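A.B. asks: For reference, this is start11.tsv, and it has TSV, C-alpha atoms and all ligand atoms.
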```
chain	number	residue	atom	x	y	z
A	1	MET	CA	-24.92	-35.79	41.37
A	2	ALA	CA	-23.13	-38.43	39.35
A	3	ARG	CA	-25.31	-41.07	37.76
A	4	ILE	CA	-24.79	-44.47	39.38
A	5	PHE	CA	-25.89	-47.21	37.03
A	6	GLN	CA	-27.95	-50.23	38.01
A	7	PRO	CA	-27.40	-53.76	36.70
A	8	ASN	CA	-30.84	-53.71	35.03
A	9	GLU	CA	-29.61	-50.87	32.78
A	10	VAL	CA	-27.10	-53.21	31.12
A	11	ASP	CA	-27.97	-54.36	27.62
A	12	LYS	CA	-25.62	-57.23	26.84
A	13	SER	CA	-26.97	-57.50	23.31
A	14	VAL	CA	-24.76	-54.56	22.18
A	15	LEU	CA	-21.83	-56.98	22.39
A	16	ALA	CA	-23.64	-59.93	20.81
A	17	GLY	CA	-21.63	-61.41	17.95
A	18	LYS	CA	-18.85	-58.87	18.45
A	19	THR	CA	-15.16	-59.61	18.74
A	20	ILE	CA	-13.36	-57.75	21.50
A	21	ALA	CA	-9.60	-57.26	21.09
A	22	VAL	CA	-7.61	-56.65	24.22
A	23	ILE	CA	-4.51	-54.78	23.05
A	24	GLY	CA	-1.77	-55.19	25.66
A	25	TYR	CA	-1.87	-58.28	27.86
A	26	GLY	CA	-0.57	-56.65	31.03
A	27	ASN	CA	-2.09	-55.71	34.40
A	28	GLN	CA	-5.46	-54.58	33.06
A	29	GLY	CA	-5.44	-56.46	29.74
A	30	ARG	CA	-5.12	-59.91	31.26
A	31	ALA	CA	-7.65	-59.23	34.03
A	32	GLN	CA	-10.26	-57.61	31.81
A	33	GLY	CA	-9.76	-60.14	29.02
A	34	LEU	CA	-10.22	-63.12	31.33
A	35	ASN	CA	-13.24	-61.56	33.05
A	36	LEU	CA	-14.95	-60.74	29.74
A	37	ARG	CA	-14.30	-64.23	28.40
A	38	ALA	CA	-15.64	-65.79	31.63
A	39	ARG	CA	-18.92	-63.95	30.95
A	40	GLY	CA	-19.18	-65.49	27.51
A	41	TYR	CA	-17.80	-62.74	25.26
A	42	ARG	CA	-15.49	-63.45	22.34
A	43	VAL	CA	-12.11	-62.00	23.28
A	44	ILE	CA	-8.87	-62.04	21.31
A	45	VAL	CA	-5.53	-60.56	22.34
A	46	GLY	CA	-3.01	-58.35	20.56
A	47	ASN	CA	0.49	-58.07	22.01
A	48	ARG	CA	4.08	-57.87	20.85
A	49	GLN	CA	5.78	-61.29	20.68
A	50	ASP	CA	7.19	-61.76	24.16
A	51	GLU	CA	6.40	-63.18	27.58
A	52	SER	CA	2.94	-61.54	27.69
A	53	TYR	CA	2.11	-62.92	24.24
A	54	ARG	CA	2.95	-66.44	25.44
A	55	LYS	CA	1.03	-65.88	28.68
A	56	ALA	CA	-2.08	-65.00	26.69
A	57	GLN	CA	-1.64	-68.16	24.60
A	58	GLU	CA	-1.24	-70.23	27.79
A	59	ASP	CA	-4.45	-68.66	29.06
A	60	GLY	CA	-6.13	-70.04	25.95
A	61	PHE	CA	-6.61	-66.87	23.89
A	62	GLU	CA	-6.13	-66.46	20.17
A	63	VAL	CA	-3.18	-64.06	20.15
A	64	TYR	CA	-2.09	-61.81	17.28
A	65	SER	CA	0.11	-58.85	16.62
A	66	MET	CA	-1.58	-55.66	17.81
A	67	ASP	CA	-2.52	-54.45	14.32
A	68	ARG	CA	-3.92	-57.84	13.29
A	69	ALA	CA	-6.01	-58.12	16.48
A	70	ALA	CA	-7.36	-54.61	15.91
A	71	ALA	CA	-8.25	-55.49	12.33
A	72	LEU	CA	-10.15	-58.60	13.46
A	73	ALA	CA	-12.10	-56.82	16.19
A	74	ASP	CA	-15.26	-54.74	16.48
A	75	VAL	CA	-14.29	-53.44	19.92
A	76	VAL	CA	-10.67	-52.46	20.55
A	77	MET	CA	-9.64	-52.13	24.19
A	78	LEU	CA	-6.34	-50.28	24.25
A	79	LEU	CA	-4.79	-51.43	27.53
A	80	VAL	CA	-1.15	-50.40	27.23
A	81	PRO	CA	0.67	-47.85	29.41
A	82	ASP	CA	-0.48	-44.29	28.72
A	83	GLU	CA	3.03	-43.21	27.65
A	84	VAL	CA	3.19	-45.70	24.76
A	85	ALA	CA	-0.51	-45.70	23.81
A	86	PRO	CA	-0.36	-42.80	21.30
A	87	ALA	CA	2.37	-44.46	19.20
A	88	ILE	CA	0.64	-47.85	19.31
A	89	PHE	CA	-2.66	-46.19	18.42
A	90	LYS	CA	-1.11	-44.42	15.43
A	91	ASP	CA	0.80	-47.43	14.08
A	92	ALA	CA	-1.40	-50.42	14.91
A	93	ILE	CA	-4.92	-49.31	15.78
A	94	LEU	CA	-5.86	-46.27	13.71
A	95	PRO	CA	-5.24	-47.92	10.31
A	96	ASN	CA	-7.51	-50.79	11.40
A	97	LEU	CA	-10.46	-48.91	12.86
A	98	ALA	CA	-13.51	-49.22	10.65
A	99	LYS	CA	-16.77	-47.28	10.79
A	100	GLY	CA	-18.95	-48.67	13.61
A	101	ASN	CA	-16.00	-50.01	15.61
A	102	ALA	CA	-15.36	-48.90	19.16
A	103	LEU	CA	-12.18	-47.74	20.84
A	104	VAL	CA	-12.13	-48.36	24.59
A	105	MET	CA	-9.63	-46.82	27.00
A	106	ALA	CA	-9.08	-47.49	30.71
A	107	SER	CA	-7.87	-43.98	31.42
A	108	GLY	CA	-8.82	-40.53	30.18
A	109	TYR	CA	-5.39	-38.98	29.67
A	110	ASN	CA	-4.60	-39.51	25.97
A	111	VAL	CA	-8.05	-38.64	24.69
A	112	THR	CA	-8.33	-35.59	26.96
A	113	TYR	CA	-5.04	-34.16	25.68
A	114	ARG	CA	-5.75	-35.28	22.09
A	115	HIS	CA	-2.71	-37.57	21.88
A	116	ILE	CA	-5.27	-40.07	20.60
A	117	VAL	CA	-7.92	-38.90	18.16
A	118	ALA	CA	-10.19	-41.54	16.66
A	119	PRO	CA	-11.92	-41.17	13.29
A	120	GLU	CA	-15.47	-39.81	13.27
A	121	GLY	CA	-17.36	-43.05	12.64
A	122	VAL	CA	-15.89	-44.78	15.70
A	123	ASP	CA	-17.30	-44.86	19.24
A	124	VAL	CA	-14.79	-43.76	21.86
A	125	VAL	CA	-15.58	-44.83	25.40
A	126	MET	CA	-13.83	-45.08	28.72
A	127	VAL	CA	-14.17	-48.05	31.06
A	128	ALA	CA	-11.79	-47.27	33.89
A	129	PRO	CA	-11.67	-49.62	36.87
A	130	ARG	CA	-10.66	-47.96	40.13
A	131	MET	CA	-8.69	-51.09	40.94
A	132	ILE	CA	-5.33	-52.61	40.04
A	133	GLY	CA	-5.45	-55.41	37.46
A	134	GLN	CA	-4.82	-58.15	39.98
A	135	GLY	CA	-7.79	-56.88	42.01
A	136	VAL	CA	-10.01	-56.73	38.90
A	137	LEU	CA	-9.27	-60.40	38.24
A	138	GLU	CA	-9.26	-61.80	41.77
A	139	LEU	CA	-12.32	-59.91	43.00
A	140	ALA	CA	-14.37	-60.95	39.96
A	141	GLN	CA	-13.25	-64.56	40.34
A	142	ARG	CA	-14.52	-64.38	43.95
A	143	GLY	CA	-17.80	-62.92	42.69
A	144	GLU	CA	-17.07	-59.41	43.93
A	145	GLY	CA	-17.08	-56.12	42.05
A	146	PHE	CA	-15.07	-52.88	42.23
A	147	PRO	CA	-15.67	-49.28	41.20
A	148	VAL	CA	-15.63	-48.50	37.48
A	149	LEU	CA	-15.85	-45.03	35.93
A	150	ILE	CA	-17.39	-44.94	32.48
A	151	GLY	CA	-17.56	-42.14	29.95
A	152	VAL	CA	-18.40	-41.45	26.34
A	153	HIS	CA	-16.18	-39.18	24.27
A	154	GLN	CA	-17.62	-39.95	20.84
A	155	ASP	CA	-20.95	-41.62	20.16
A	156	ALA	CA	-20.88	-42.52	16.47
A	157	THR	CA	-23.31	-45.44	16.64
A	158	GLY	CA	-25.77	-44.05	19.18
A	159	LYS	CA	-24.91	-47.03	21.37
A	160	ALA	CA	-21.64	-45.90	22.93
A	161	LEU	CA	-23.00	-45.59	26.47
A	162	ALA	CA	-24.71	-49.00	26.21
A	163	LEU	CA	-21.40	-50.46	25.05
A	164	ALA	CA	-19.46	-48.91	27.95
A	165	LEU	CA	-22.06	-50.27	30.37
A	166	ALA	CA	-21.93	-53.77	28.88
A	167	LEU	CA	-18.13	-53.75	29.10
A	168	ALA	CA	-18.17	-52.44	32.68
A	169	ASP	CA	-20.54	-55.31	33.47
A	170	GLY	CA	-18.37	-57.76	31.53
A	171	ILE	CA	-15.24	-56.95	33.51
A	172	GLY	CA	-17.14	-57.36	36.81
A	173	GLY	CA	-18.14	-53.83	37.81
A	174	PHE	CA	-21.72	-54.78	38.68
A	175	LEU	CA	-20.85	-57.73	40.92
A	176	PRO	CA	-21.70	-57.24	44.62
A	177	HIS	CA	-19.71	-54.36	46.23
A	178	GLY	CA	-19.00	-52.99	42.76
A	179	VAL	CA	-20.28	-49.66	41.47
A	180	VAL	CA	-20.40	-48.25	37.95
A	181	VAL	CA	-20.43	-44.46	37.87
A	182	GLU	CA	-20.88	-42.02	35.01
A	183	SER	CA	-17.82	-39.83	34.48
A	184	SER	CA	-15.91	-38.51	31.47
A	185	PHE	CA	-12.43	-38.70	30.01
A	186	GLU	CA	-11.78	-35.16	31.25
A	187	GLU	CA	-13.05	-35.79	34.77
A	188	GLU	CA	-11.11	-39.05	35.11
A	189	THR	CA	-7.95	-37.30	33.95
A	190	LEU	CA	-8.53	-34.44	36.37
A	191	VAL	CA	-9.08	-36.58	39.47
A	192	ASP	CA	-6.30	-38.99	38.61
A	193	LEU	CA	-3.68	-36.28	38.03
A	194	PHE	CA	-5.02	-34.18	40.92
A	195	THR	CA	-4.46	-37.06	43.34
A	196	GLU	CA	-0.94	-37.62	42.04
A	197	HIS	CA	-0.03	-33.92	42.07
A	198	THR	CA	-1.43	-33.15	45.51
A	199	TRP	CA	-2.04	-35.43	48.47
A	200	ALA	CA	-0.53	-38.68	47.16
A	201	GLY	CA	2.86	-37.14	46.43
A	202	ALA	CA	2.65	-34.92	49.53
A	203	PHE	CA	1.95	-37.99	51.65
A	204	LEU	CA	5.25	-39.62	50.60
A	205	TYR	CA	7.30	-36.48	51.22
A	206	MET	CA	5.47	-35.98	54.54
A	207	LEU	CA	6.52	-39.48	55.68
A	208	GLU	CA	10.11	-38.81	54.62
A	209	LYS	CA	10.08	-35.54	56.59
A	210	ALA	CA	8.56	-37.29	59.64
A	211	TYR	CA	11.31	-39.91	59.42
A	212	GLN	CA	14.03	-37.24	59.36
A	213	VAL	CA	12.55	-35.45	62.37
A	214	LEU	CA	12.03	-38.63	64.42
A	215	VAL	CA	15.55	-39.92	63.75
A	216	SER	CA	17.09	-36.52	64.52
A	217	GLU	CA	15.21	-36.66	67.84
A	218	GLY	CA	16.85	-39.97	68.74
A	219	VAL	CA	14.30	-42.52	67.48
A	220	SER	CA	15.93	-45.55	65.82
A	221	PRO	CA	15.48	-45.77	62.03
A	222	GLU	CA	13.90	-49.20	62.46
A	223	VAL	CA	11.23	-48.03	64.89
A	224	ALA	CA	10.57	-44.90	62.81
A	225	ILE	CA	10.05	-46.87	59.58
A	226	LEU	CA	7.84	-49.49	61.21
A	227	GLU	CA	5.76	-46.75	62.85
A	228	LEU	CA	5.40	-44.64	59.71
A	229	TYR	CA	4.61	-47.28	57.06
A	230	GLY	CA	6.64	-50.50	57.48
A	231	SER	CA	4.02	-52.23	59.63
A	232	GLY	CA	1.38	-52.03	56.90
A	233	GLU	CA	-1.01	-50.32	59.33
A	234	ILE	CA	-1.73	-47.55	56.80
A	235	GLY	CA	-2.99	-50.23	54.40
A	236	GLU	CA	-5.46	-51.36	57.07
A	237	ILE	CA	-6.52	-47.77	57.72
A	238	GLY	CA	-7.05	-47.24	53.99
A	239	ARG	CA	-9.28	-50.30	53.88
A	240	ALA	CA	-11.20	-49.05	56.92
A	241	MET	CA	-11.73	-45.67	55.19
A	242	ALA	CA	-13.24	-47.44	52.19
A	243	THR	CA	-15.48	-49.57	54.42
A	244	HIS	CA	-16.47	-47.23	57.26
A	245	GLY	CA	-15.68	-43.75	55.90
A	246	LEU	CA	-12.89	-41.18	56.15
A	247	TRP	CA	-13.77	-39.99	59.66
A	248	ARG	CA	-15.90	-42.92	60.82
A	249	GLN	CA	-12.87	-45.21	60.68
A	250	LEU	CA	-11.48	-43.16	63.60
A	251	LYS	CA	-13.59	-45.34	65.93
A	252	LEU	CA	-11.09	-48.15	65.27
A	253	HIS	CA	-8.34	-46.09	66.97
A	254	SER	CA	-7.91	-45.49	70.72
A	255	HIS	CA	-9.49	-42.39	72.25
A	256	THR	CA	-6.01	-40.95	72.82
A	257	SER	CA	-5.25	-41.43	69.13
A	258	GLN	CA	-8.57	-39.93	67.99
A	259	PHE	CA	-8.14	-36.89	70.27
A	260	GLY	CA	-4.56	-36.38	69.04
A	261	GLN	CA	-5.48	-36.65	65.37
A	262	LEU	CA	-8.50	-34.36	65.66
A	263	THR	CA	-6.64	-31.67	67.61
A	264	HIS	CA	-3.36	-31.67	65.64
A	265	GLY	CA	-4.13	-32.69	62.04
A	266	ALA	CA	-5.86	-29.57	60.74
A	267	ALA	CA	-2.85	-27.31	61.48
A	268	PHE	CA	-0.89	-29.09	58.73
A	269	VAL	CA	-3.44	-28.08	56.11
A	270	GLY	CA	-3.16	-24.30	56.02
A	271	PRO	CA	-4.30	-21.92	53.24
A	272	GLU	CA	-1.11	-22.66	51.28
A	273	VAL	CA	-2.36	-26.22	50.72
A	274	GLU	CA	-5.55	-25.08	49.04
A	275	LYS	CA	-3.55	-22.65	46.87
A	276	LEU	CA	-1.29	-25.51	45.75
A	277	MET	CA	-4.32	-27.69	45.01
A	278	ARG	CA	-5.93	-24.96	42.87
A	279	LYS	CA	-2.64	-24.44	41.03
A	280	ALA	CA	-2.42	-28.17	40.34
A	281	ILE	CA	-5.94	-28.09	38.89
A	282	GLU	CA	-5.08	-25.09	36.73
A	283	GLU	CA	-2.03	-26.85	35.29
A	284	ILE	CA	-4.06	-29.96	34.56
A	285	ARG	CA	-6.90	-28.02	32.91
A	286	ASN	CA	-4.75	-25.66	30.82
A	287	GLY	CA	-2.53	-28.50	29.62
A	288	GLU	CA	0.67	-27.17	31.24
A	289	PHE	CA	1.37	-30.42	33.07
A	290	ASP	CA	0.78	-32.46	29.91
A	291	LYS	CA	3.20	-30.19	28.01
A	292	ARG	CA	5.88	-30.65	30.70
A	293	TRP	CA	5.37	-34.42	30.88
A	294	THR	CA	5.39	-34.79	27.08
A	295	ALA	CA	8.65	-32.79	26.88
A	296	GLU	CA	10.17	-34.83	29.72
A	297	GLN	CA	9.42	-38.07	27.87
A	298	ALA	CA	10.82	-36.69	24.60
A	299	ALA	CA	14.04	-35.73	26.45
A	300	GLY	CA	14.49	-39.26	27.84
A	301	LEU	CA	13.15	-38.63	31.38
A	302	PRO	CA	16.12	-36.72	32.86
A	303	THR	CA	14.21	-34.97	35.69
A	304	PHE	CA	12.21	-38.09	36.50
A	305	GLN	CA	15.39	-40.16	36.78
A	306	GLN	CA	17.19	-37.55	38.85
A	307	LEU	CA	14.33	-37.26	41.35
A	308	LEU	CA	13.92	-41.03	41.57
A	309	ASP	CA	17.66	-41.53	42.14
A	310	SER	CA	17.56	-38.88	44.83
A	311	VAL	CA	14.72	-40.44	46.86
A	312	LEU	CA	16.04	-43.97	46.40
A	313	SER	CA	19.42	-42.97	47.83
A	314	SER	CA	18.03	-40.90	50.74
A	315	PRO	CA	18.95	-41.85	54.35
A	316	LEU	CA	15.42	-43.24	54.74
A	317	SER	CA	15.79	-45.52	51.69
A	318	LYS	CA	19.19	-46.74	52.93
A	319	ALA	CA	17.81	-47.52	56.41
A	320	GLU	CA	14.81	-49.18	54.79
A	321	ASP	CA	17.11	-51.40	52.65
A	322	GLN	CA	18.88	-52.59	55.80
A	323	LEU	CA	15.69	-53.15	57.79
A	324	TYR	CA	13.87	-54.90	54.95
A	325	ALA	CA	16.89	-57.19	54.36
A	326	ARG	CA	16.76	-58.18	58.06
A	327	LEU	CA	13.01	-58.77	57.75
A	328	GLY	CA	13.44	-60.88	54.58
A	329	ARG	CA	11.52	-58.37	52.46
A	330	ARG	CA	14.52	-57.78	50.15
B	401	LIG	P1	0.93	-52.51	31.76
B	401	LIG	O1	2.10	-51.76	32.26
B	401	LIG	O2	0.55	-53.73	32.49
B	401	LIG	O3	1.18	-52.83	30.23
B	401	LIG	C1	0.17	-53.40	29.45
B	401	LIG	C2	0.73	-53.94	28.17
B	401	LIG	O4	1.38	-52.94	27.42
B	401	LIG	C3	1.68	-55.08	28.36
B	401	LIG	O5	1.12	-56.16	27.69
B	401	LIG	C4	2.93	-54.61	27.65
B	401	LIG	O6	3.46	-55.60	26.84
B	401	LIG	C5	2.42	-53.56	26.71
B	401	LIG	N1	3.48	-52.59	26.41
B	401	LIG	C6	4.15	-51.80	27.27
B	401	LIG	N2	5.04	-51.04	26.60
B	401	LIG	C7	4.94	-51.37	25.31
B	401	LIG	C8	5.58	-50.92	24.14
B	401	LIG	N3	6.53	-49.97	24.17
B	401	LIG	N4	5.22	-51.47	22.97
B	401	LIG	C9	4.28	-52.43	22.92
B	401	LIG	N5	3.62	-52.89	24.00
B	401	LIG	C10	3.95	-52.36	25.18
B	401	LIG	O7	-0.33	-51.50	31.69
B	401	LIG	P2	-1.57	-51.41	32.64
B	401	LIG	O8	-2.42	-52.59	32.45
B	401	LIG	O9	-1.14	-51.05	34.02
B	401	LIG	O10	-2.33	-50.12	32.08
B	401	LIG	C11	-3.15	-50.21	30.91
B	401	LIG	C12	-4.18	-49.10	30.96
B	401	LIG	O11	-5.00	-49.31	32.09
B	401	LIG	C13	-3.59	-47.70	31.09
B	401	LIG	O12	-4.41	-46.82	30.37
B	401	LIG	C14	-3.72	-47.41	32.57
B	401	LIG	O13	-3.80	-46.03	32.84
B	401	LIG	C15	-5.06	-48.10	32.86
B	401	LIG	N6	-5.29	-48.46	34.24
B	401	LIG	C16	-4.33	-49.13	34.95
B	401	LIG	C17	-4.56	-49.50	36.26
B	401	LIG	C18	-3.54	-50.27	37.04
B	401	LIG	O14	-3.78	-50.49	38.21
B	401	LIG	N7	-2.43	-50.71	36.48
B	401	LIG	C19	-5.82	-49.16	36.94
B	401	LIG	C20	-6.81	-48.56	36.07
B	401	LIG	C21	-6.51	-48.20	34.78
B	401	LIG	P3	4.69	-56.51	27.30
B	401	LIG	O15	4.21	-57.24	28.52
B	401	LIG	O16	4.87	-57.32	26.15
B	401	LIG	O17	5.80	-55.57	27.62
```
So that I can check it, write out the structure of this file as structure tokens.
Ligand code: NDP

C.D. replies:
Amino acid sequence: MARIFQPNEVDKSVLAGKTIAVIGYGNQGRAQGLNLRARGYRVIVGNRQDESYRKAQEDGFEVYSMDRAAALADVVMLLVPDEVAPAIFKDAILPNLAKGNALVMASGYNVTYRHIVAPEGVDVVMVAPRMIGQGVLELAQRGEGFPVLIGVHQDATGKALALALALADGIGGFLPHGVVVESSFEEETLVDLFTEHTWAGAFLYMLEKAYQVLVSEGVSPEVAILELYGSGEIGEIGRAMATHGLWRQLKLHSHTSQFGQLTHGAAFVGPEVEKLMRKAIEEIRNGEFDKRWTAEQAAGLPTFQQLLDSVLSSPLSKAEDQLYARLGRR
């Protein structure tokens, strides 16, 4: 069973007198930086000189180049997109990490696949909110928490776990409805990629297929899109799953709907699905997916672009453009 931490396990003194540098003032950087500062911690920001840099200044932070902020900090939170993090780490962070410093990541990917390797004397911890940046900020401002996975990759000071806990607390993870759970860089990478490579992607293609079938059977594109996702009902169902439970949320649907879902759903998840899931896990664990993704990025994203162009120009996307223009969504 995973360890679920309690607020009384937090020792804020590990951050006493420390300077925290948020590197990358984007979705997570802004939210986490503001939340940590609101709880009294000293936070500075490192960003390239652009709109985000100015935004951080407007928000009242001392803002520096990334390398300067890293040099001034004891705790470096690297909150840039995973694709650019290794280069930023190599150029701006690594030369400025001193013994006893900490490197903090919000996702496991780069450490798991050794695209980022910190020097021996540095703590390496993960503080990964299971929440988009806007949610991290707005929930904490309302006094509410969110799930946070924490993990320790390298414990140079003997206080790495305490540091991860204090940061998870500082960004709002222990506020009511929040939960801070022990995980690891490897586990976070596995579940994140597994979701993307299995049901999340399958869900999108399943909706596209359902659209094609409905329209070929005479349903109007407008009614099909509104039924499948355009109404936002799936967002409400997702919320109900989080609140009531995967199956317990069924009680919010009519009896006809519940009977239909329970009698028909399982047939779509045959043995082939489990085989594909196990294959996805194998490719994540043996590094095959990382190799493919790294090569794709080095080649300038040709397959990515081709697939994206293809789905964005599909009959569904065209009908969606027209419908959303009529609804004022585009
Ligand atoms: P963003 O896309 O919001 O980018 C964050 C920052 O990175 C921005 O300040 C941006 O600067 C900077 N940046 C982007 N590209 C470059 C570049 N080439 N050179 C220099 N700076 C660059 O990232 P997120 O906040 O979404 O993600 C940060 C981390 O948080 C990642 O590890 C991600 O996996 C993790 N995470 C994200 C979640 C989310 O919901 N978004 C949820 C949980 C974890 P500028 O604005 O100047 O371009």

A.B. asks: Please report as a tab-separated table every residue of chain A lying within 6 Å of ligand LIG 401 (chain B), along with the nearest atom pair and their distance in Å (one decimal), using all atoms listed in the file.

C.D. replies:
```
residue	atom	partner	partner_atom	distance
A:Gly24	CA	B:LIG401	O5	3.7
A:Tyr25	CA	B:LIG401	O5	3.7
A:Gly26	CA	B:LIG401	O2	3.5
A:Asn27	CA	B:LIG401	O8	3.7
A:Gln28	CA	B:LIG401	O8	3.7
A:Gly29	CA	B:LIG401	O8	5.6
A:Arg48	CA	B:LIG401	O16	5.4
A:Asp50	CA	B:LIG401	O16	5.4
A:Ser52	CA	B:LIG401	O15	4.6
A:Leu79	CA	B:LIG401	C11	3.9
A:Val80	CA	B:LIG401	O4	3.6
A:Pro81	CA	B:LIG401	O7	4.4
A:Asp82	CA	B:LIG401	O12	5.0
A:Val84	CA	B:LIG401	N3	5.5
A:Ala106	CA	B:LIG401	C15	4.6
A:Ser107	CA	B:LIG401	O12	4.6
A:Ala128	CA	B:LIG401	C21	5.4
A:Pro129	CA	B:LIG401	C20	5.0
A:Arg130	CA	B:LIG401	C20	5.6
A:Met131	CA	B:LIG401	C19	5.3
A:Ile132	CA	B:LIG401	O14	3.2
A:Gly133	CA	B:LIG401	O14	5.2
```

A.B. asks: To one decimal in Å, tell me the separation between atom CA of Gln154 of chain A and atom CA of Met126 of chain A.

C.D. replies: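 Distance reported for this atom pair: 10.1 Å.
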
A.B. asks: Could you please determine the separation between atom CA of Val148 of chain A and atom CA of Val180 of chain A in Å, to one decimal place?

C.D. replies: 4.8 Å

A.B. asks: For a quick check of understanding, using only C-alpha atoms, which of A:Val76, A:Leu301, A:Leu15, A:Ala200 has the smallest distance to Val45 of chain A?

C.D. replies: A:Val76

A.B. asks: Please check which residues have atoms at most 12 Å from (9.1, -37.2, 51.9) in the file's coordinates, counting all atoms listed in the file, and write them as a compact mmCIF listing (two decimals) with C-alpha atoms, in the coordinates of the input.

C.D. replies:
```txt
# COMPACT_ATOMS: atom_id res chain seq x y z
CA TRP A 199 -2.04 -35.43 48.47
CA ALA A 200 -0.53 -38.68 47.16
CA GLY A 201 2.86 -37.14 46.43
CA ALA A 202 2.65 -34.92 49.53
CA PHE A 203 1.95 -37.99 51.65
CA LEU A 204 5.25 -39.62 50.60
CA TYR A 205 7.30 -36.48 51.22
CA MET A 206 5.47 -35.98 54.54
CA LEU A 207 6.52 -39.48 55.68
CA GLU A 208 10.11 -38.81 54.62
CA LYS A 209 10.08 -35.54 56.59
CA ALA A 210 8.56 -37.29 59.64
CA TYR A 211 11.31 -39.91 59.42
CA GLN A 212 14.03 -37.24 59.36
CA VAL A 213 12.55 -35.45 62.37
CA LEU A 228 5.40 -44.64 59.71
CA LEU A 307 14.33 -37.26 41.35
CA SER A 310 17.56 -38.88 44.83
CA VAL A 311 14.72 -40.44 46.86
CA LEU A 312 16.04 -43.97 46.40
CA SER A 314 18.03 -40.90 50.74
CA PRO A 315 18.95 -41.85 54.35
CA LEU A 316 15.42 -43.24 54.74
CA SER A 317 15.79 -45.52 51.69
```

A.B. asks: Between atom CA of Gln306 of chain A and atom CA of Glu320 of chain A, what distance in Å does the model show, to one decimal?

C.D. replies: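 We find that atom CA of Gln306 of chain A and atom CA of Glu320 of chain A lie 19.9 Å from each other.
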
A.B. asks: Using all atoms listed in the file, collect all residues at a distance of at most 12 Å from (-16.1, -36.6, 64.2) as written in the file, then present them as a CSV table (one decimal) with C-alpha atoms, keeping the file's coordinate frame.

C.D. replies:
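point_37.csv, freshly written:
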```csv
chain,number,residue,atom,x,y,z
A,245,GLY,CA,-15.7,-43.8,55.9
A,246,LEU,CA,-12.9,-41.2,56.2
A,247,TRP,CA,-13.8,-40.0,59.7
A,248,ARG,CA,-15.9,-42.9,60.8
A,249,GLN,CA,-12.9,-45.2,60.7
A,250,LEU,CA,-11.5,-43.2,63.6
A,251,LYS,CA,-13.6,-45.3,65.9
A,255,HIS,CA,-9.5,-42.4,72.2
A,258,GLN,CA,-8.6,-39.9,68.0
A,259,PHE,CA,-8.1,-36.9,70.3
A,261,GLN,CA,-5.5,-36.6,65.4
A,262,LEU,CA,-8.5,-34.4,65.7
A,263,THR,CA,-6.6,-31.7,67.6
```

A.B. asks: List the spatial neighbours of Ala69 of chain A as a list in words - criterion: any atom at most 10 Å away, all atoms listed in the file, same-chain residues fewer than 6 positions off excluded.

C.D. replies: Thr19, Ile20, Ala21, Val22, Ile23, Val43, Ile44, Val45, Gly46, Asn47, Glu62, Val63, Val76, Ala92, Ile93 and Asn96 of chain A

A.B. asks: Residues near segment 171-177 of chain A, anyone? I mean within 7 Å using only C-alpha atoms, not counting same-chain ones fewer than 6 positions away, as a PyMOL selection string.

C.D. replies: chain A and resi 7+32+35-36+140+143-148
